[in-house]
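Undergrad: Okay, so here is input.txt, and as you'll see once you scroll down, it has compact mmCIF, C-alpha atoms and all ligand atoms.
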```
# COMPACT_ATOMS: atom_id res chain seq x y z
CA MET A 3 -152.54 -39.62 92.38
CA LYS A 4 -151.24 -41.41 89.28
CA LYS A 5 -147.79 -40.50 87.96
CA LYS A 6 -147.78 -38.51 84.70
CA LEU A 7 -146.56 -40.52 81.71
CA VAL A 8 -146.07 -38.63 78.43
CA VAL A 9 -145.54 -40.38 75.10
CA SER A 10 -143.89 -38.70 72.10
CA SER A 11 -144.59 -40.90 69.07
CA GLY A 12 -143.47 -40.79 65.45
CA ALA A 13 -144.17 -42.72 62.26
CA GLY A 14 -142.46 -45.84 63.64
CA ILE A 15 -145.34 -46.60 66.00
CA SER A 16 -147.65 -46.95 62.99
CA ALA A 17 -145.19 -49.05 60.94
CA GLU A 18 -146.52 -52.36 62.30
CA SER A 19 -150.04 -51.25 61.36
CA GLY A 20 -148.86 -51.10 57.74
CA MET A 21 -148.32 -47.33 57.48
CA MET A 22 -145.11 -46.25 55.71
CA THR A 23 -142.60 -44.22 57.68
CA TYR A 24 -140.97 -41.20 56.04
CA ARG A 25 -137.24 -41.88 56.18
CA ASP A 26 -136.85 -45.65 56.34
CA ALA A 27 -135.74 -47.25 53.09
CA GLY A 28 -138.64 -47.05 50.66
CA GLY A 29 -140.36 -44.54 52.90
CA LEU A 30 -142.66 -41.74 51.81
CA TRP A 31 -139.83 -39.30 51.21
CA ASP A 32 -138.20 -41.82 48.85
CA THR A 33 -141.39 -41.78 46.79
CA TYR A 34 -142.42 -38.14 46.90
CA PRO A 35 -140.36 -34.92 46.70
CA VAL A 36 -140.97 -33.86 50.29
CA MET A 37 -140.61 -30.12 49.75
CA GLU A 38 -143.12 -30.24 46.88
CA VAL A 39 -145.82 -32.18 48.73
CA ALA A 40 -145.34 -31.21 52.37
CA SER A 41 -144.18 -27.60 52.35
CA ALA A 42 -146.09 -24.32 52.45
CA GLU A 43 -144.43 -23.24 49.20
CA GLY A 44 -145.33 -26.56 47.57
CA PHE A 45 -148.98 -26.10 48.51
CA ALA A 46 -149.05 -22.50 47.25
CA ALA A 47 -147.46 -23.63 43.96
CA ASN A 48 -149.62 -26.67 43.32
CA PRO A 49 -152.62 -27.30 45.60
CA PRO A 50 -153.99 -30.21 43.49
CA LEU A 51 -150.69 -32.14 43.92
CA ILE A 52 -150.86 -31.74 47.70
CA HIS A 53 -154.54 -32.74 47.80
CA GLU A 54 -153.59 -35.83 45.75
CA PHE A 55 -150.65 -36.67 48.09
CA TYR A 56 -152.82 -36.59 51.22
CA SER A 57 -155.69 -38.37 49.46
CA ASN A 58 -153.21 -41.15 48.60
CA MET A 59 -152.15 -41.25 52.25
CA ARG A 60 -155.84 -41.52 53.24
CA LYS A 61 -156.21 -44.33 50.68
CA LYS A 62 -153.63 -46.24 52.73
CA MET A 63 -155.88 -45.77 55.77
CA THR A 64 -158.00 -48.59 54.35
CA ALA A 65 -160.11 -50.82 56.55
CA ASN A 66 -156.92 -52.95 56.91
CA ILE A 67 -154.90 -50.27 58.73
CA LYS A 68 -155.71 -50.68 62.40
CA PRO A 69 -154.06 -49.70 65.66
CA ASN A 70 -151.36 -52.24 66.60
CA ALA A 71 -150.33 -53.73 69.96
CA ALA A 72 -148.10 -50.70 70.64
CA HIS A 73 -151.02 -48.25 70.37
CA LEU A 74 -153.15 -50.60 72.49
CA GLY A 75 -150.33 -51.02 75.05
CA LEU A 76 -150.33 -47.25 75.58
CA VAL A 77 -154.06 -47.43 76.34
CA GLU A 78 -153.30 -50.23 78.84
CA LEU A 79 -150.85 -47.89 80.61
CA GLU A 80 -153.78 -45.56 81.37
CA LYS A 81 -154.74 -48.03 84.11
CA TYR A 82 -151.51 -47.19 85.93
CA PHE A 83 -150.59 -43.66 84.82
CA ASP A 84 -152.09 -40.32 83.80
CA VAL A 85 -151.14 -40.71 80.11
CA ASN A 86 -150.82 -37.94 77.53
CA ILE A 87 -149.87 -38.80 73.94
CA ILE A 88 -147.99 -36.26 71.84
CA THR A 89 -147.68 -37.48 68.26
CA GLN A 90 -145.98 -36.25 65.12
CA ASN A 91 -148.24 -38.61 63.19
CA VAL A 92 -151.21 -37.36 61.24
CA ASP A 93 -152.99 -40.72 61.32
CA ASP A 94 -155.71 -41.32 63.92
CA LEU A 95 -154.48 -44.69 65.15
CA HIS A 96 -153.90 -43.49 68.74
CA GLU A 97 -157.51 -42.25 68.87
CA ARG A 98 -158.85 -45.43 67.30
CA ALA A 99 -156.87 -47.50 69.84
CA GLY A 100 -158.72 -45.61 72.62
CA SER A 101 -156.08 -43.21 73.99
CA SER A 102 -157.84 -40.51 76.02
CA HIS A 103 -155.50 -37.57 75.42
CA VAL A 104 -153.84 -37.19 72.00
CA LEU A 105 -152.09 -34.01 70.85
CA HIS A 106 -151.12 -33.83 67.16
CA LEU A 107 -148.02 -31.68 66.61
CA HIS A 108 -148.17 -31.93 62.79
CA GLY A 109 -151.93 -31.92 62.26
CA GLU A 110 -154.47 -34.56 61.32
CA LEU A 111 -154.95 -36.40 58.03
CA MET A 112 -158.69 -36.79 58.59
CA LYS A 113 -159.27 -33.04 58.85
CA MET A 114 -159.35 -30.13 56.38
CA ARG A 115 -159.62 -26.42 57.22
CA SER A 116 -160.83 -23.27 55.51
CA MET A 117 -158.03 -21.13 54.07
CA LYS A 118 -160.12 -17.99 54.62
CA HIS A 119 -161.27 -18.84 58.16
CA PRO A 120 -158.66 -21.26 59.62
CA GLU A 121 -160.80 -21.76 62.72
CA ARG A 122 -163.27 -23.62 60.48
CA ILE A 123 -161.96 -27.19 60.70
CA TYR A 124 -163.81 -30.06 58.97
CA GLN A 125 -163.62 -33.72 59.99
CA LEU A 126 -163.54 -35.83 56.83
CA PRO A 127 -166.32 -38.43 56.67
CA CYS A 128 -164.22 -41.30 58.04
CA ASP A 129 -167.31 -43.51 58.03
CA GLN A 130 -166.61 -43.95 54.32
CA LEU A 131 -163.68 -46.32 54.88
CA THR A 132 -164.01 -49.00 52.22
CA ASP A 133 -161.76 -51.86 51.15
CA LYS A 134 -160.59 -49.44 48.46
CA GLY A 135 -159.60 -46.92 51.13
CA LEU A 136 -161.17 -43.73 52.40
CA VAL A 137 -163.37 -41.97 49.90
CA THR A 138 -160.76 -39.58 48.59
CA THR A 139 -162.85 -37.35 46.32
CA VAL A 140 -162.24 -34.56 48.76
CA ASP A 141 -163.95 -31.29 47.95
CA THR A 142 -161.39 -28.54 47.85
CA ARG A 143 -164.03 -26.01 48.90
CA ASP A 144 -166.01 -25.84 52.14
CA PRO A 145 -169.79 -25.30 52.50
CA TYR A 146 -169.15 -21.52 52.37
CA GLY A 147 -167.38 -21.94 49.01
CA ASP A 148 -163.99 -21.05 50.51
CA PRO A 149 -160.92 -23.10 49.49
CA VAL A 150 -159.81 -25.69 52.05
CA ARG A 151 -156.39 -27.20 52.78
CA PRO A 152 -155.25 -30.28 54.69
CA HIS A 153 -155.22 -29.59 58.46
CA ILE A 154 -151.53 -30.54 58.38
CA VAL A 155 -148.47 -28.53 59.47
CA PHE A 156 -146.34 -28.15 56.34
CA PHE A 157 -142.58 -27.74 56.47
CA GLY A 158 -141.89 -24.03 56.89
CA GLU A 159 -145.01 -23.44 58.97
CA SER A 160 -145.17 -22.85 62.72
CA VAL A 161 -146.10 -25.71 65.08
CA PRO A 162 -148.83 -24.13 67.25
CA GLU A 163 -149.16 -27.21 69.51
CA PHE A 164 -145.47 -27.24 70.45
CA GLU A 165 -145.80 -25.05 73.57
CA PRO A 166 -148.57 -27.19 75.10
CA ALA A 167 -146.55 -30.30 74.20
CA ALA A 168 -143.40 -28.95 75.86
CA ALA A 169 -145.44 -28.08 78.96
CA LEU A 170 -146.70 -31.68 79.14
CA VAL A 171 -143.13 -33.02 78.90
CA GLN A 172 -141.96 -30.61 81.63
CA GLN A 173 -144.61 -32.03 83.99
CA ALA A 174 -143.93 -35.67 83.07
CA ASP A 175 -142.65 -38.18 85.61
CA ILE A 176 -141.97 -40.58 82.74
CA LEU A 177 -141.36 -39.70 79.06
CA VAL A 178 -141.55 -42.43 76.41
CA VAL A 179 -140.29 -41.57 72.89
CA ILE A 180 -141.42 -44.15 70.32
CA GLY A 181 -140.56 -44.63 66.63
CA THR A 182 -139.11 -41.29 65.59
CA SER A 183 -135.80 -40.47 63.89
CA LEU A 184 -135.56 -37.26 65.95
CA VAL A 185 -134.53 -35.19 62.92
CA VAL A 186 -137.51 -32.84 62.61
CA TYR A 187 -137.68 -29.83 64.91
CA PRO A 188 -139.20 -28.57 67.10
CA ALA A 189 -140.69 -32.06 67.80
CA ALA A 190 -137.20 -33.56 68.20
CA ALA A 191 -136.43 -30.99 70.92
CA LEU A 192 -139.22 -32.24 73.21
CA ILE A 193 -136.81 -34.68 74.90
CA GLN A 194 -134.79 -31.66 76.14
CA TYR A 195 -137.81 -30.41 78.11
CA ALA A 196 -137.77 -33.41 80.44
CA ARG A 197 -136.75 -32.58 84.03
CA ARG A 198 -133.57 -34.16 85.40
CA GLU A 199 -135.63 -36.50 87.61
CA THR A 200 -137.87 -37.63 84.74
CA GLU A 201 -137.33 -41.21 83.55
CA VAL A 202 -136.90 -41.12 79.75
CA TYR A 203 -137.30 -44.18 77.50
CA TYR A 204 -136.74 -44.39 73.74
CA ILE A 205 -138.22 -47.33 71.83
CA ASP A 206 -136.90 -47.68 68.27
CA PRO A 207 -135.30 -50.64 66.42
CA ASN A 208 -132.81 -48.26 64.82
CA PRO A 209 -132.49 -45.53 67.46
CA ALA A 210 -131.01 -42.12 66.72
CA SER A 211 -128.20 -41.06 69.06
CA VAL A 212 -129.59 -39.71 72.34
CA PRO A 213 -128.05 -38.52 75.63
CA ASP A 214 -126.82 -41.33 77.93
CA TRP A 215 -129.55 -40.61 80.52
CA VAL A 216 -132.12 -41.97 78.05
CA HIS A 217 -133.04 -45.67 78.53
CA VAL A 218 -132.94 -46.98 74.93
CA ILE A 219 -135.05 -50.07 74.11
CA PRO A 220 -133.75 -50.95 70.61
CA LYS A 221 -136.88 -52.87 69.58
CA LYS A 222 -139.95 -52.49 67.38
CA ALA A 223 -142.79 -50.57 69.01
CA THR A 224 -144.99 -53.61 69.73
CA GLU A 225 -142.15 -55.44 71.50
CA GLY A 226 -140.73 -52.34 73.16
CA VAL A 227 -144.07 -51.18 74.57
CA ALA A 228 -144.76 -54.69 75.94
CA GLU A 229 -141.33 -54.65 77.62
CA LEU A 230 -141.97 -51.16 78.99
CA ILE A 231 -145.35 -52.15 80.48
CA THR A 232 -143.66 -55.04 82.31
CA LEU A 233 -140.87 -52.72 83.48
CA LEU A 234 -143.22 -49.98 84.71
CA THR A 235 -145.92 -52.12 86.29
CA LYS A 236 -143.90 -54.87 88.01
N1 LIG B 301 -141.31 -49.72 65.62
C1 LIG B 301 -140.74 -48.59 66.13
N2 LIG B 301 -140.01 -47.72 65.39
C2 LIG B 301 -139.85 -48.01 64.08
C3 LIG B 301 -140.40 -49.17 63.47
C4 LIG B 301 -141.17 -50.03 64.30
N3 LIG B 301 -141.74 -51.15 63.83
N4 LIG B 301 -140.06 -49.15 62.15
C5 LIG B 301 -139.31 -48.04 61.95
N5 LIG B 301 -139.17 -47.37 63.11
C6 LIG B 301 -138.46 -46.11 63.38
C7 LIG B 301 -137.27 -45.84 62.50
O1 LIG B 301 -136.11 -46.49 63.01
C8 LIG B 301 -137.16 -44.32 62.61
O2 LIG B 301 -136.38 -43.94 63.73
O3 LIG B 301 -139.35 -45.06 63.14
C9 LIG B 301 -138.60 -43.89 62.84
C10 LIG B 301 -139.22 -43.27 61.60
O4 LIG B 301 -138.56 -42.05 61.36
P1 LIG B 301 -139.19 -41.04 60.28
O5 LIG B 301 -139.62 -41.83 59.09
O6 LIG B 301 -138.25 -39.90 60.13
O7 LIG B 301 -140.55 -40.55 60.98
P2 LIG B 301 -140.71 -39.39 62.05
O8 LIG B 301 -139.53 -39.31 62.97
O9 LIG B 301 -142.05 -39.57 62.68
O10 LIG B 301 -140.74 -38.08 61.09
C11 LIG B 301 -140.98 -36.86 61.74
O11 LIG B 301 -141.04 -35.73 59.62
O12 LIG B 301 -141.72 -35.69 57.45
C12 LIG B 301 -141.98 -35.18 58.68
O13 LIG B 301 -144.03 -34.42 59.49
C13 LIG B 301 -143.35 -35.59 59.14
O14 LIG B 301 -144.08 -36.18 61.36
C14 LIG B 301 -143.09 -36.43 60.38
C15 LIG B 301 -141.73 -35.94 60.84
```
Could you quickly redo this structure as structure tokens?

TA:
Amino acid sequence: MKKKLVVSSGAGISAESGMMTYRDAGGLWDTYPVMEVASAEGFAANPPLIHEFYSNMRKKMTANIKPNAAHLGLVELEKYFDVNIITQNVDDLHERAGSSHVLHLHGELMKMRSMKHPERIYQLPCDQLTDKGLVTTVDTRDPYGDPVRPHIVFFGESVPEFEPAAALVQQADILVVIGTSLVVYPAAALIQYARRETEVYYIDPNPASVPDWVHVIPKKATEGVAELITLLTK
């Protein structure tokens, strides 16, 4: 029976793939007024602006943005552990790296959903990745003619996947937090759900302050994950 290893990843794990983080210098929230483009009120006030913001983010998911060695290292760990990935990221780099179990706390960039029937979720045609980026002329209506919205959790909205994520952390033998500033809740609270006997690691070159029972690896994700694999498999 393999030990359960749970990963909680943030924007930092995608940084070395070329994706911007949110709060590093020059990050997304330096460029866009976060509460206008990522909040429920912002979307209600100006849907075209939000569709443009996420289309621009998809544009960045050009053919050049690929999973990096950190994403691939987490797939490698599946040889040794029962791995579950919880991510705050809306990109699909964990999936494209080959991770078997990925849970998106804040939604998925490549999906839209009906505003009238939220259970109707549409995968964007990601086979249209070009060197100019994903085809971003996203229809804002679904085949039924109903308006659609990004399948993203906006600030001010509930995080329906949090309970299942917390349950995964509670069952974890090892928890690995990677590349998150730990400022956005409830995602930042996941670390508190680890049992006393759970080994907790935090990989981040500029780590936020964490309790002293957390093993901090103050390195970039690619280096930190490589170090962790050596540590956990020796
Ligand atoms: N490797 C690992 N971590 C890195 C790297 C790297 N190469 N580069 C930067 N980081 C770290 C930063 O030190 C920081 O701690 O990644 C973290 C990025 O923090 P944020 O930009 O705040 O991203 P995140 O924590 O994922 O944001 C959480 O906020 O805006 C919302 O919904 C959005 O999911 C997002 C949430």

Undergrad: Please define a box with edges along x, y and z of the file around all atoms of stretch 73-77 of chain A given in the file, extend it by 3 Å on each side, and return its centre and edge lengths in Å to one decimal, as JSON.

TA:
```
{"center_x": -152.2, "center_y": -49.1, "center_z": 73.4, "size_x": 9.7, "size_y": 9.8, "size_z": 12.0}
```

Undergrad: Please find the residues contacting ligand LIG 301 (chain B) at a distance of at most 6 Å between atoms, with all atoms listed in the file counted, and report them as a ChimeraX atom specification.

TA: /A:12-15,17-18,23-26,90-91,108,181-184,186,206-209,222-223

Undergrad: Env of A:Ile180: 6 Å cut, atoms = all atoms listed in the file, seq-sep filter 3 positions within chain, self excluded. Answer as JSON, numbers by chain.

TA: {"A": [11, 204, 205]}

Undergrad: Counting all atoms listed in the file, note down every residue that has an atom within 10 Å of the point (-152.1, -44.3, 54.0) (file coordinates), as a PyMOL selection string.

TA: chain A and resi 20-22+55-64+67+93+111+135-136

Undergrad: Calculated over all atoms listed in the file, which of the candidates A:Val85, A:Phe45, A:Ala72, A:Ala40 has the smallest distance to A:Glu225?

TA: A:Ala72

Undergrad: Please indicate the distance in Å from atom CA of A:Ser160 to atom CA of A:Pro188, rounded to one decimal place.

TA: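 Computing the Euclidean distance for atom CA of A:Ser160 and atom CA of A:Pro188 yields 9.4 Å.
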
Undergrad: Can you measure atom CA of A:Gln173 to atom CA of A:Ala196 for me? One decimal in Å is fine.

TA: 7.8 Å
